[in-house]
>>> print(open('final.cif').read())   # mmCIF, C-alpha atoms and all ligand atoms
data_final
loop_
_atom_site.group_PDB
_atom_site.id
_atom_site.type_symbol
_atom_site.label_atom_id
_atom_site.label_comp_id
_atom_site.auth_asym_id
_atom_site.auth_seq_id
_atom_site.Cartn_x
_atom_site.Cartn_y
_atom_site.Cartn_z
ATOM 1 C CA MET A 267 5.559 -54.971 19.776
ATOM 2 C CA THR A 268 4.823 -57.861 17.441
ATOM 3 C CA ASP A 269 2.354 -57.451 14.595
ATOM 4 C CA ALA A 270 -1.286 -58.477 15.006
ATOM 5 C CA SER A 271 -2.309 -62.021 14.188
ATOM 6 C CA ILE A 272 -4.314 -62.220 10.984
ATOM 7 C CA ILE A 273 -7.781 -63.715 11.326
ATOM 8 C CA ASP A 274 -8.184 -65.967 8.288
ATOM 9 C CA GLY A 275 -11.828 -65.594 7.251
ATOM 10 C CA LYS A 276 -11.211 -67.336 3.938
ATOM 11 C CA ALA A 277 -10.074 -70.571 5.615
ATOM 12 C CA PHE A 278 -12.810 -70.409 8.269
ATOM 13 C CA ALA A 279 -15.465 -69.854 5.571
ATOM 14 C CA ALA A 280 -14.171 -72.842 3.568
ATOM 15 C CA ARG A 281 -14.484 -75.078 6.651
ATOM 16 C CA LEU A 282 -17.991 -73.737 7.356
ATOM 17 C CA ARG A 283 -19.091 -74.417 3.755
ATOM 18 C CA GLU A 284 -17.711 -77.935 4.051
ATOM 19 C CA ARG A 285 -19.679 -78.559 7.265
ATOM 20 C CA VAL A 286 -22.837 -77.186 5.626
ATOM 21 C CA GLY A 287 -22.244 -79.494 2.639
ATOM 22 C CA GLN A 288 -21.980 -82.505 4.968
ATOM 23 C CA GLU A 289 -25.250 -81.568 6.707
ATOM 24 C CA VAL A 290 -26.963 -81.077 3.336
ATOM 25 C CA ALA A 291 -25.878 -84.583 2.266
ATOM 26 C CA ARG A 292 -27.250 -86.005 5.515
ATOM 27 C CA LEU A 293 -30.576 -84.178 5.095
ATOM 28 C CA LYS A 294 -30.872 -85.678 1.605
ATOM 29 C CA ASP A 295 -30.124 -89.205 2.859
ATOM 30 C CA ASP A 296 -32.274 -89.052 5.995
ATOM 31 C CA ALA A 297 -35.245 -86.994 4.798
ATOM 32 C CA GLY A 298 -34.985 -86.856 0.986
ATOM 33 C CA LEU A 299 -34.862 -83.066 1.311
ATOM 34 C CA THR A 300 -32.570 -80.827 -0.767
ATOM 35 C CA PRO A 301 -32.321 -77.252 0.562
ATOM 36 C CA GLY A 302 -33.005 -74.637 -2.133
ATOM 37 C CA LEU A 303 -31.945 -70.989 -2.314
ATOM 38 C CA ALA A 304 -33.590 -68.464 -4.652
ATOM 39 C CA VAL A 305 -31.633 -65.307 -5.459
ATOM 40 C CA VAL A 306 -33.349 -62.389 -7.186
ATOM 41 C CA LEU A 307 -31.299 -59.779 -9.031
ATOM 42 C CA VAL A 308 -32.994 -56.704 -10.460
ATOM 43 C CA GLY A 309 -30.964 -54.655 -12.956
ATOM 44 C CA GLU A 310 -27.369 -54.721 -14.124
ATOM 45 C CA ASP A 311 -25.267 -53.461 -11.187
ATOM 46 C CA PRO A 312 -21.829 -55.045 -11.894
ATOM 47 C CA ALA A 313 -20.884 -55.672 -8.233
ATOM 48 C CA SER A 314 -24.280 -57.298 -7.587
ATOM 49 C CA GLN A 315 -23.828 -59.528 -10.644
ATOM 50 C CA VAL A 316 -20.512 -60.802 -9.275
ATOM 51 C CA TYR A 317 -22.048 -61.488 -5.834
ATOM 52 C CA VAL A 318 -25.032 -63.302 -7.343
ATOM 53 C CA ARG A 319 -22.804 -65.463 -9.542
ATOM 54 C CA ASN A 320 -20.665 -66.428 -6.523
ATOM 55 C CA LYS A 321 -23.726 -67.192 -4.426
ATOM 56 C CA GLY A 322 -25.137 -69.492 -7.122
ATOM 57 C CA LYS A 323 -21.824 -71.309 -7.563
ATOM 58 C CA GLN A 324 -21.261 -71.894 -3.842
ATOM 59 C CA THR A 325 -24.880 -72.953 -3.308
ATOM 60 C CA LEU A 326 -24.451 -75.731 -5.882
ATOM 61 C CA GLU A 327 -21.054 -76.711 -4.431
ATOM 62 C CA ALA A 328 -22.727 -77.230 -1.037
ATOM 63 C CA GLY A 329 -25.163 -79.655 -2.704
ATOM 64 C CA MET A 330 -28.160 -77.311 -2.557
ATOM 65 C CA GLN A 331 -30.504 -76.253 -5.328
ATOM 66 C CA SER A 332 -29.904 -72.759 -6.710
ATOM 67 C CA PHE A 333 -32.673 -70.761 -8.384
ATOM 68 C CA GLU A 334 -31.626 -67.504 -10.040
ATOM 69 C CA HIS A 335 -34.126 -64.876 -11.155
ATOM 70 C CA ARG A 336 -32.747 -61.977 -13.172
ATOM 71 C CA LEU A 337 -35.168 -59.135 -13.814
ATOM 72 C CA SER A 338 -34.696 -55.977 -15.881
ATOM 73 C CA GLU A 339 -33.832 -52.581 -14.404
ATOM 74 C CA SER A 340 -37.351 -51.365 -15.302
ATOM 75 C CA THR A 341 -39.151 -54.076 -13.272
ATOM 76 C CA THR A 342 -42.125 -52.683 -11.371
ATOM 77 C CA GLN A 343 -42.731 -53.132 -7.680
ATOM 78 C CA GLU A 344 -45.809 -55.225 -8.460
ATOM 79 C CA GLU A 345 -43.839 -57.616 -10.691
ATOM 80 C CA LEU A 346 -41.182 -58.072 -8.011
ATOM 81 C CA LEU A 347 -43.767 -58.617 -5.264
ATOM 82 C CA ASP A 348 -45.491 -61.219 -7.481
ATOM 83 C CA LEU A 349 -42.212 -63.102 -7.874
ATOM 84 C CA VAL A 350 -41.552 -63.011 -4.107
ATOM 85 C CA GLU A 351 -45.074 -64.377 -3.448
ATOM 86 C CA THR A 352 -44.439 -67.194 -5.945
ATOM 87 C CA LEU A 353 -41.162 -68.077 -4.214
ATOM 88 C CA ASN A 354 -42.879 -67.916 -0.799
ATOM 89 C CA ALA A 355 -45.315 -70.585 -2.021
ATOM 90 C CA ASP A 356 -42.705 -72.835 -3.668
ATOM 91 C CA PRO A 357 -41.901 -75.837 -1.421
ATOM 92 C CA GLU A 358 -38.518 -76.373 -3.138
ATOM 93 C CA VAL A 359 -37.389 -72.895 -2.085
ATOM 94 C CA HIS A 360 -36.243 -72.685 1.553
ATOM 95 C CA GLY A 361 -34.343 -69.422 1.331
ATOM 96 C CA ILE A 362 -35.080 -66.212 -0.603
ATOM 97 C CA LEU A 363 -32.575 -63.411 -1.121
ATOM 98 C CA VAL A 364 -33.384 -60.238 -3.036
ATOM 99 C CA GLN A 365 -30.075 -58.591 -3.896
ATOM 100 C CA LEU A 366 -29.738 -54.966 -2.775
ATOM 101 C CA PRO A 367 -29.612 -52.203 -3.851
ATOM 102 C CA LEU A 368 -32.889 -52.222 -5.813
ATOM 103 C CA PRO A 369 -33.751 -49.665 -8.545
ATOM 104 C CA GLU A 370 -35.303 -46.456 -7.224
ATOM 105 C CA GLN A 371 -38.880 -47.161 -8.419
ATOM 106 C CA ILE A 372 -39.000 -50.035 -5.927
ATOM 107 C CA ASP A 373 -39.681 -49.695 -2.191
ATOM 108 C CA SER A 374 -37.015 -52.030 -0.755
ATOM 109 C CA ALA A 375 -38.579 -52.276 2.711
ATOM 110 C CA ALA A 376 -41.919 -53.367 1.208
ATOM 111 C CA VAL A 377 -40.176 -56.076 -0.815
ATOM 112 C CA LEU A 378 -38.099 -57.364 2.116
ATOM 113 C CA ASP A 379 -41.165 -57.478 4.365
ATOM 114 C CA THR A 380 -43.099 -59.518 1.765
ATOM 115 C CA ILE A 381 -40.574 -62.368 2.005
ATOM 116 C CA ASP A 382 -41.876 -65.186 4.217
ATOM 117 C CA PRO A 383 -39.899 -64.626 7.479
ATOM 118 C CA THR A 384 -39.142 -68.367 7.668
ATOM 119 C CA LYS A 385 -37.416 -68.104 4.228
ATOM 120 C CA ASP A 386 -35.720 -64.768 4.968
ATOM 121 C CA VAL A 387 -32.104 -66.022 4.872
ATOM 122 C CA ASP A 388 -30.819 -62.418 4.777
ATOM 123 C CA GLY A 389 -32.536 -61.765 8.118
ATOM 124 C CA PHE A 390 -33.748 -58.355 6.878
ATOM 125 C CA HIS A 391 -37.501 -58.826 7.509
ATOM 126 C CA VAL A 392 -38.797 -56.711 10.426
ATOM 127 C CA ILE A 393 -39.950 -59.910 12.137
ATOM 128 C CA ASN A 394 -36.420 -61.312 12.129
ATOM 129 C CA ALA A 395 -34.926 -57.929 13.136
ATOM 130 C CA GLY A 396 -37.420 -57.798 16.019
ATOM 131 C CA ARG A 397 -36.749 -61.376 17.054
ATOM 132 C CA LEU A 398 -32.996 -60.680 17.123
ATOM 133 C CA ALA A 399 -33.535 -57.467 19.118
ATOM 134 C CA THR A 400 -35.645 -59.306 21.703
ATOM 135 C CA GLY A 401 -33.299 -62.292 22.006
ATOM 136 C CA GLN A 402 -35.571 -64.811 20.252
ATOM 137 C CA ASP A 403 -34.591 -67.390 17.655
ATOM 138 C CA ALA A 404 -34.141 -65.474 14.387
ATOM 139 C CA LEU A 405 -32.597 -65.784 10.969
ATOM 140 C CA VAL A 406 -29.622 -63.438 11.499
ATOM 141 C CA PRO A 407 -28.088 -61.221 8.755
ATOM 142 C CA CYS A 408 -25.128 -63.014 7.178
ATOM 143 C CA THR A 409 -22.316 -60.460 7.506
ATOM 144 C CA PRO A 410 -22.867 -59.801 11.247
ATOM 145 C CA LEU A 411 -23.192 -63.550 11.815
ATOM 146 C CA GLY A 412 -19.843 -64.050 10.069
ATOM 147 C CA CYS A 413 -18.236 -61.351 12.258
ATOM 148 C CA LEU A 414 -19.552 -63.010 15.414
ATOM 149 C CA MET A 415 -18.320 -66.469 14.372
ATOM 150 C CA LEU A 416 -14.794 -65.162 13.768
ATOM 151 C CA LEU A 417 -14.785 -63.230 17.052
ATOM 152 C CA ARG A 418 -15.926 -66.251 19.041
ATOM 153 C CA HIS A 419 -13.415 -68.473 17.288
ATOM 154 C CA HIS A 420 -10.597 -66.041 18.003
ATOM 155 C CA LEU A 421 -11.493 -64.779 21.492
ATOM 156 C CA GLY A 422 -13.762 -67.464 22.973
ATOM 157 C CA ASP A 423 -16.085 -65.960 25.573
ATOM 158 C CA LEU A 424 -16.861 -62.319 24.690
ATOM 159 C CA SER A 425 -18.657 -61.330 27.883
ATOM 160 C CA GLY A 426 -17.592 -58.037 29.432
ATOM 161 C CA GLN A 427 -15.606 -56.937 26.374
ATOM 162 C CA ARG A 428 -16.015 -53.338 25.257
ATOM 163 C CA ALA A 429 -17.201 -53.469 21.629
ATOM 164 C CA VAL A 430 -17.411 -50.408 19.396
ATOM 165 C CA VAL A 431 -19.289 -50.873 16.114
ATOM 166 C CA VAL A 432 -18.669 -48.021 13.666
ATOM 167 C CA GLY A 433 -21.664 -47.921 11.309
ATOM 168 C CA ARG A 434 -25.401 -48.094 12.004
ATOM 169 C CA SER A 435 -26.815 -49.805 8.903
ATOM 170 C CA ASN A 436 -29.717 -52.258 9.120
ATOM 171 C CA ILE A 437 -27.557 -54.805 7.254
ATOM 172 C CA VAL A 438 -24.445 -54.771 9.460
ATOM 173 C CA GLY A 439 -24.090 -52.215 12.281
ATOM 174 C CA LYS A 440 -27.427 -52.571 14.084
ATOM 175 C CA PRO A 441 -27.742 -56.374 13.928
ATOM 176 C CA LEU A 442 -24.080 -56.858 14.900
ATOM 177 C CA ALA A 443 -24.572 -54.596 17.919
ATOM 178 C CA GLN A 444 -27.554 -56.777 18.934
ATOM 179 C CA LEU A 445 -25.509 -59.958 18.534
ATOM 180 C CA LEU A 446 -22.635 -58.567 20.626
ATOM 181 C CA LEU A 447 -25.088 -57.452 23.296
ATOM 182 C CA GLY A 448 -26.394 -61.017 23.286
ATOM 183 C CA GLU A 449 -22.802 -62.120 24.044
ATOM 184 C CA SER A 450 -22.783 -59.747 27.049
ATOM 185 C CA CYS A 451 -20.397 -57.226 25.503
ATOM 186 C CA THR A 452 -20.637 -53.554 26.451
ATOM 187 C CA VAL A 453 -21.666 -52.169 23.077
ATOM 188 C CA THR A 454 -21.305 -48.700 21.570
ATOM 189 C CA ILE A 455 -22.660 -47.910 18.109
ATOM 190 C CA ALA A 456 -20.655 -45.051 16.583
ATOM 191 C CA HIS A 457 -21.399 -43.304 13.278
ATOM 192 C CA SER A 458 -20.696 -40.264 11.122
ATOM 193 C CA ARG A 459 -22.078 -37.863 13.755
ATOM 194 C CA THR A 460 -20.184 -39.366 16.698
ATOM 195 C CA ARG A 461 -18.143 -36.730 18.519
ATOM 196 C CA ASP A 462 -14.409 -37.558 18.640
ATOM 197 C CA LEU A 463 -14.711 -40.869 16.819
ATOM 198 C CA PRO A 464 -10.999 -41.771 17.261
ATOM 199 C CA ALA A 465 -11.305 -41.461 21.067
ATOM 200 C CA GLU A 466 -14.470 -43.607 21.021
ATOM 201 C CA CYS A 467 -12.675 -46.272 18.980
ATOM 202 C CA ARG A 468 -9.685 -46.267 21.356
ATOM 203 C CA ASN A 469 -12.017 -47.561 24.117
ATOM 204 C CA ALA A 470 -12.702 -50.742 22.165
ATOM 205 C CA ASP A 471 -11.432 -54.210 23.014
ATOM 206 C CA ILE A 472 -13.358 -55.237 19.884
ATOM 207 C CA LEU A 473 -13.487 -52.644 17.107
ATOM 208 C CA VAL A 474 -15.720 -53.239 14.083
ATOM 209 C CA ALA A 475 -15.577 -50.909 11.065
ATOM 210 C CA ALA A 476 -18.620 -51.066 8.767
ATOM 211 C CA VAL A 477 -18.916 -47.662 7.124
ATOM 212 C CA GLY A 478 -17.761 -48.055 3.504
ATOM 213 C CA ARG A 479 -14.952 -45.459 3.672
ATOM 214 C CA PRO A 480 -11.566 -46.671 2.485
ATOM 215 C CA LYS A 481 -8.867 -46.800 5.220
ATOM 216 C CA MET A 482 -10.828 -44.486 7.539
ATOM 217 C CA VAL A 483 -9.744 -46.171 10.795
ATOM 218 C CA LYS A 484 -6.117 -45.236 11.507
ATOM 219 C CA GLY A 485 -3.557 -47.001 13.669
ATOM 220 C CA ASP A 486 -3.824 -44.416 16.470
ATOM 221 C CA TRP A 487 -7.597 -45.046 16.727
ATOM 222 C CA ILE A 488 -6.898 -48.557 17.991
ATOM 223 C CA LYS A 489 -6.232 -49.669 21.564
ATOM 224 C CA PRO A 490 -3.009 -51.744 21.632
ATOM 225 C CA GLY A 491 -3.932 -55.432 21.540
ATOM 226 C CA ALA A 492 -7.555 -54.875 20.412
ATOM 227 C CA THR A 493 -9.321 -57.218 17.989
ATOM 228 C CA VAL A 494 -10.226 -55.379 14.770
ATOM 229 C CA ILE A 495 -12.945 -56.576 12.379
ATOM 230 C CA ASP A 496 -12.947 -54.814 9.006
ATOM 231 C CA VAL A 497 -16.260 -55.180 7.163
ATOM 232 C CA GLY A 498 -15.426 -52.641 4.439
ATOM 233 C CA ILE A 499 -14.999 -53.724 0.826
ATOM 234 C CA ASN A 500 -13.959 -50.606 -1.103
ATOM 235 C CA ARG A 501 -12.725 -50.613 -4.672
ATOM 236 C CA VAL A 502 -9.971 -48.011 -5.120
ATOM 237 C CA GLU A 503 -7.559 -47.029 -7.882
ATOM 238 C CA GLY A 504 -4.327 -48.992 -7.498
ATOM 239 C CA GLU A 505 -1.106 -48.962 -9.458
ATOM 240 C CA GLU A 506 -1.190 -48.808 -13.294
ATOM 241 C CA GLY A 507 -4.874 -47.859 -13.277
ATOM 242 C CA LYS A 508 -5.899 -51.232 -11.832
ATOM 243 C CA THR A 509 -8.538 -51.292 -9.094
ATOM 244 C CA ARG A 510 -7.919 -53.096 -5.828
ATOM 245 C CA LEU A 511 -9.949 -53.806 -2.702
ATOM 246 C CA VAL A 512 -9.268 -52.087 0.605
ATOM 247 C CA GLY A 513 -11.179 -52.143 3.860
ATOM 248 C CA ASP A 514 -12.460 -49.388 6.155
ATOM 249 C CA VAL A 515 -9.300 -49.846 8.267
ATOM 250 C CA ASP A 516 -5.825 -48.672 7.303
ATOM 251 C CA PHE A 517 -4.423 -52.201 7.491
ATOM 252 C CA ASP A 518 -0.695 -51.336 7.338
ATOM 253 C CA GLU A 519 -1.058 -49.020 10.343
ATOM 254 C CA ALA A 520 -3.545 -51.157 12.258
ATOM 255 C CA VAL A 521 -1.564 -54.379 12.010
ATOM 256 C CA LYS A 522 1.208 -52.753 14.108
ATOM 257 C CA VAL A 523 -1.162 -51.889 16.981
ATOM 258 C CA ALA A 524 -3.989 -54.440 17.062
ATOM 259 C CA GLY A 525 -3.784 -57.859 18.704
ATOM 260 C CA ALA A 526 -5.675 -59.461 15.809
ATOM 261 C CA ILE A 527 -7.228 -58.171 12.606
ATOM 262 C CA THR A 528 -9.252 -59.410 9.634
ATOM 263 C CA PRO A 529 -7.668 -58.634 6.258
ATOM 264 C CA VAL A 530 -9.419 -57.302 3.122
ATOM 265 C CA PRO A 531 -9.821 -59.330 1.009
ATOM 266 C CA GLY A 532 -9.925 -62.709 2.783
ATOM 267 C CA GLY A 533 -11.504 -61.660 6.084
ATOM 268 C CA ILE A 534 -15.219 -61.008 6.503
ATOM 269 C CA GLY A 535 -16.096 -61.113 2.765
ATOM 270 C CA PRO A 536 -15.952 -64.914 2.343
ATOM 271 C CA MET A 537 -17.851 -65.388 5.620
ATOM 272 C CA THR A 538 -20.968 -63.676 4.253
ATOM 273 C CA ILE A 539 -21.809 -66.291 1.592
ATOM 274 C CA ALA A 540 -20.819 -69.159 3.904
ATOM 275 C CA CYS A 541 -23.294 -67.815 6.493
ATOM 276 C CA LEU A 542 -25.947 -67.467 3.777
ATOM 277 C CA LEU A 543 -25.565 -71.184 3.056
ATOM 278 C CA ALA A 544 -25.718 -71.940 6.793
ATOM 279 C CA ASN A 545 -28.925 -69.867 7.086
ATOM 280 C CA THR A 546 -30.458 -71.690 4.105
ATOM 281 C CA LEU A 547 -29.684 -75.026 5.745
ATOM 282 C CA THR A 548 -31.243 -73.769 9.008
ATOM 283 C CA ALA A 549 -34.388 -72.629 7.152
ATOM 284 C CA ALA A 550 -34.675 -76.003 5.366
ATOM 285 C CA CYS A 551 -34.259 -77.928 8.628
ATOM 286 C CA ARG A 552 -36.959 -75.800 10.281
ATOM 287 C CA ALA A 553 -39.301 -76.287 7.299
ATOM 288 C CA ARG A 554 -38.881 -80.040 7.699
ATOM 289 C CA GLY A 555 -40.086 -79.647 11.290
HETATM 290 N N1 LIG B 601 -26.082 -56.230 -1.068
HETATM 291 C C1 LIG B 601 -24.907 -56.118 -0.393
HETATM 292 N N2 LIG B 601 -24.861 -56.976 0.634
HETATM 293 C C2 LIG B 601 -26.030 -57.667 0.617
HETATM 294 C C3 LIG B 601 -26.559 -58.706 1.432
HETATM 295 O O1 LIG B 601 -25.955 -59.184 2.404
HETATM 296 N N3 LIG B 601 -27.785 -59.147 1.076
HETATM 297 C C4 LIG B 601 -28.488 -58.636 0.031
HETATM 298 N N4 LIG B 601 -29.693 -59.119 -0.223
HETATM 299 N N5 LIG B 601 -28.021 -57.673 -0.738
HETATM 300 C C5 LIG B 601 -26.795 -57.199 -0.447
#
>>> encode(input="final.cif", output="structure tokens")
Amino acid sequence: MTDASIIDGKAFAARLRERVGQEVARLKDDAGLTPGLAVVLVGEDPASQVYVRNKGKQTLEAGMQSFEHRLSESTTQEELLDLVETLNADPEVHGILVQLPLPEQIDSAAVLDTIDPTKDVDGFHVINAGRLATGQDALVPCTPLGCLMLLRHHLGDLSGQRAVVVGRSNIVGKPLAQLLLGESCTVTIAHSRTRDLPAECRNADILVAAVGRPKMVKGDWIKPGATVIDVGINRVEGEEGKTRLVGDVDFDEAVKVAGAITPVPGGIGPMTIACLLANTLTAACRARG
């Protein structure tokens, strides 16, 4: 059997960012409106700092305004809620993202639900989660949106496909399951308590791994010819003490069985920020009316 085709998320994300940039330029010319994205980082988490820096850079590259707010690890809930309220009221800010995880003194759900749902470009507000679950227009979480775009690009119509999503987080697993249901897939959400997880995965025409466990999904968990989406970004010890990134799927095994697979890095990762920019553009267009 030939190896799986590699789904190039990096190239797709670059094209998406370019399209967003073109739309931003048109919005400026036609309506004098520049979309703006505010990103809030609380504390010093190194991975979060890298993400926030990349978000700011790519926001500017797309021609949008970028507003960064860095707060100390000891920020109180009240201070953070005050900042969110200020951003809600700022007409230059069309999208608000509060980077997770937040320090333990802060109630994340309360913060996310204070963001104006029309500026909630992460799609984490209960209103947007509810709108997605009931099939209404919603701002959709960026990583699941990126997964869906790549699947549609690669497979076309998804209706009738058996999809197994491993992972039940509010950020990826649950919203992706809703999106796939919206595409008329037959959807199973599997998780750490699923009985005989490998057998469940072998049913999948579309297998999504979003659990945060390096190389958990083995080659013999995959139906021959299936499409495999690897959402995991795990930093592991590599050679000579260097760290390297691996996904939730054992790529070397999976590539021999799957029909198509996203690599790590260069698969879903780059799609997340590109979708964030797309969501910010959507929010700005809706604000314009
Ligand atoms: N931390 C890790 N992923 C994300 C994300 O998509 N959005 C936010 N706000 N924080 C994150």
>>> resolve_selection(input="final.cif", expression="the PyMOL selection byres (((chain A and resi 357-359) around 12) and not hetatm)", output="PyMOL selection string")
chain A and resi 298-305+330-334+350-356+360-363+381-382+384-387+546-547+549-550+553-554
>>> residues_near_point(input="final.cif", point="(-11.8, -57.7, 3.4)", cutoff="9 Å", atoms="all atoms listed in the file", output="list in words")
Gly275, Asp496, Val497, Gly498, Ile499, Asn500, Leu511, Val512, Gly513, Asp514, Thr528, Pro529, Val530, Pro531, Gly532, Gly533, Ile534, Gly535 and Pro536 of chain A
>>> residues_near_ligand(input="final.cif", ligand="ligand LIG 601 (chain B)", cutoff="10 Å", atoms="only C-alpha atoms and all ligand atoms", output="ChimeraX atom specification")
/A:305-307,313-314,317-318,362-368,378,386-390,407-410,437-438,535,538-539,541-542
>>> resolve_selection(input="final.cif", expression="the PyMOL selection byres (((chain A and resi 492) around 10) and not hetatm)", output="mmCIF file with C-alpha atoms, in the coordinates of the input")
data_model
loop_
_atom_site.group_PDB
_atom_site.id
_atom_site.type_symbol
_atom_site.label_atom_id
_atom_site.label_comp_id
_atom_site.auth_asym_id
_atom_site.auth_seq_id
_atom_site.Cartn_x
_atom_site.Cartn_y
_atom_site.Cartn_z
ATOM 1 C CA ALA A 270 -1.286 -58.477 15.006
ATOM 2 C CA ARG A 428 -16.015 -53.338 25.257
ATOM 3 C CA ALA A 429 -17.201 -53.469 21.629
ATOM 4 C CA ARG A 468 -9.685 -46.267 21.356
ATOM 5 C CA ASN A 469 -12.017 -47.561 24.117
ATOM 6 C CA ALA A 470 -12.702 -50.742 22.165
ATOM 7 C CA ASP A 471 -11.432 -54.210 23.014
ATOM 8 C CA ILE A 472 -13.358 -55.237 19.884
ATOM 9 C CA LEU A 473 -13.487 -52.644 17.107
ATOM 10 C CA ILE A 488 -6.898 -48.557 17.991
ATOM 11 C CA LYS A 489 -6.232 -49.669 21.564
ATOM 12 C CA PRO A 490 -3.009 -51.744 21.632
ATOM 13 C CA GLY A 491 -3.932 -55.432 21.540
ATOM 14 C CA THR A 493 -9.321 -57.218 17.989
ATOM 15 C CA VAL A 494 -10.226 -55.379 14.770
ATOM 16 C CA ILE A 495 -12.945 -56.576 12.379
ATOM 17 C CA ALA A 520 -3.545 -51.157 12.258
ATOM 18 C CA VAL A 523 -1.162 -51.889 16.981
ATOM 19 C CA ALA A 524 -3.989 -54.440 17.062
ATOM 20 C CA GLY A 525 -3.784 -57.859 18.704
ATOM 21 C CA ALA A 526 -5.675 -59.461 15.809
ATOM 22 C CA ILE A 527 -7.228 -58.171 12.606
#
>>> closest_residue(input="final.cif", among="A:Gln288, A:Asn320, A:Ala399, A:Glu310", to="A:Arg336", atoms="all atoms listed in the file")
A:Glu310
>>> atom_distance(input="final.cif", atom1="atom CA of A:Glu339", atom2="atom CA of A:His391")
23.1 Å
>>> closest_residue(input="final.cif", among="A:Gly309, A:Arg552, A:Gly401, A:Val502", to="A:Pro383", atoms="only C-alpha atoms")
A:Arg552
>>> decode(input="final.cif", residues="stretch 315-329 of chain A", atoms="N, CA and C atoms", output="mmCIF file, in the first residue's frame")
data_model
loop_
_atom_site.group_PDB
_atom_site.id
_atom_site.type_symbol
_atom_site.label_atom_id
_atom_site.label_comp_id
_atom_site.auth_asym_id
_atom_site.auth_seq_id
_atom_site.Cartn_x
_atom_site.Cartn_y
_atom_site.Cartn_z
ATOM 1 N N GLN A 315 3.258 32.847 25.721
ATOM 2 C CA GLN A 315 3.956 34.034 25.215
ATOM 3 C C GLN A 315 4.298 33.879 23.733
ATOM 4 N N VAL A 316 4.715 32.667 23.354
ATOM 5 C CA VAL A 316 5.035 32.418 21.941
ATOM 6 C C VAL A 316 3.777 32.571 21.091
ATOM 7 N N TYR A 317 2.654 31.953 21.542
ATOM 8 C CA TYR A 317 1.404 32.043 20.780
ATOM 9 C C TYR A 317 0.977 33.495 20.609
ATOM 10 N N VAL A 318 1.053 34.261 21.708
ATOM 11 C CA VAL A 318 0.570 35.645 21.674
ATOM 12 C C VAL A 318 1.437 36.482 20.725
ATOM 13 N N ARG A 319 2.745 36.241 20.755
ATOM 14 C CA ARG A 319 3.636 36.971 19.852
ATOM 15 C C ARG A 319 3.273 36.657 18.384
ATOM 16 N N ASN A 320 3.056 35.371 18.090
ATOM 17 C CA ASN A 320 2.703 34.981 16.721
ATOM 18 C C ASN A 320 1.367 35.566 16.296
ATOM 19 N N LYS A 321 0.413 35.581 17.219
ATOM 20 C CA LYS A 321 -0.897 36.150 16.885
ATOM 21 C C LYS A 321 -0.756 37.617 16.519
ATOM 22 N N GLY A 322 0.012 38.375 17.354
ATOM 23 C CA GLY A 322 0.182 39.803 17.099
ATOM 24 C C GLY A 322 0.832 40.056 15.750
ATOM 25 N N LYS A 323 1.873 39.263 15.455
ATOM 26 C CA LYS A 323 2.621 39.442 14.202
ATOM 27 C C LYS A 323 1.715 39.174 12.993
ATOM 28 N N GLN A 324 0.971 38.079 13.041
ATOM 29 C CA GLN A 324 0.143 37.713 11.885
ATOM 30 C C GLN A 324 -1.068 38.632 11.737
ATOM 31 N N THR A 325 -1.539 39.187 12.863
ATOM 32 C CA THR A 325 -2.638 40.151 12.795
ATOM 33 C C THR A 325 -2.192 41.391 12.013
ATOM 34 N N LEU A 326 -1.002 41.884 12.335
ATOM 35 C CA LEU A 326 -0.471 43.063 11.633
ATOM 36 C C LEU A 326 -0.212 42.743 10.162
ATOM 37 N N GLU A 327 0.322 41.557 9.889
ATOM 38 C CA GLU A 327 0.606 41.162 8.496
ATOM 39 C C GLU A 327 -0.662 41.121 7.643
ATOM 40 N N ALA A 328 -1.798 40.810 8.288
ATOM 41 C CA ALA A 328 -3.074 40.771 7.550
ATOM 42 C C ALA A 328 -3.673 42.178 7.403
ATOM 43 N N GLY A 329 -2.966 43.190 7.919
ATOM 44 C CA GLY A 329 -3.447 44.567 7.774
ATOM 45 C C GLY A 329 -4.407 45.003 8.861
#
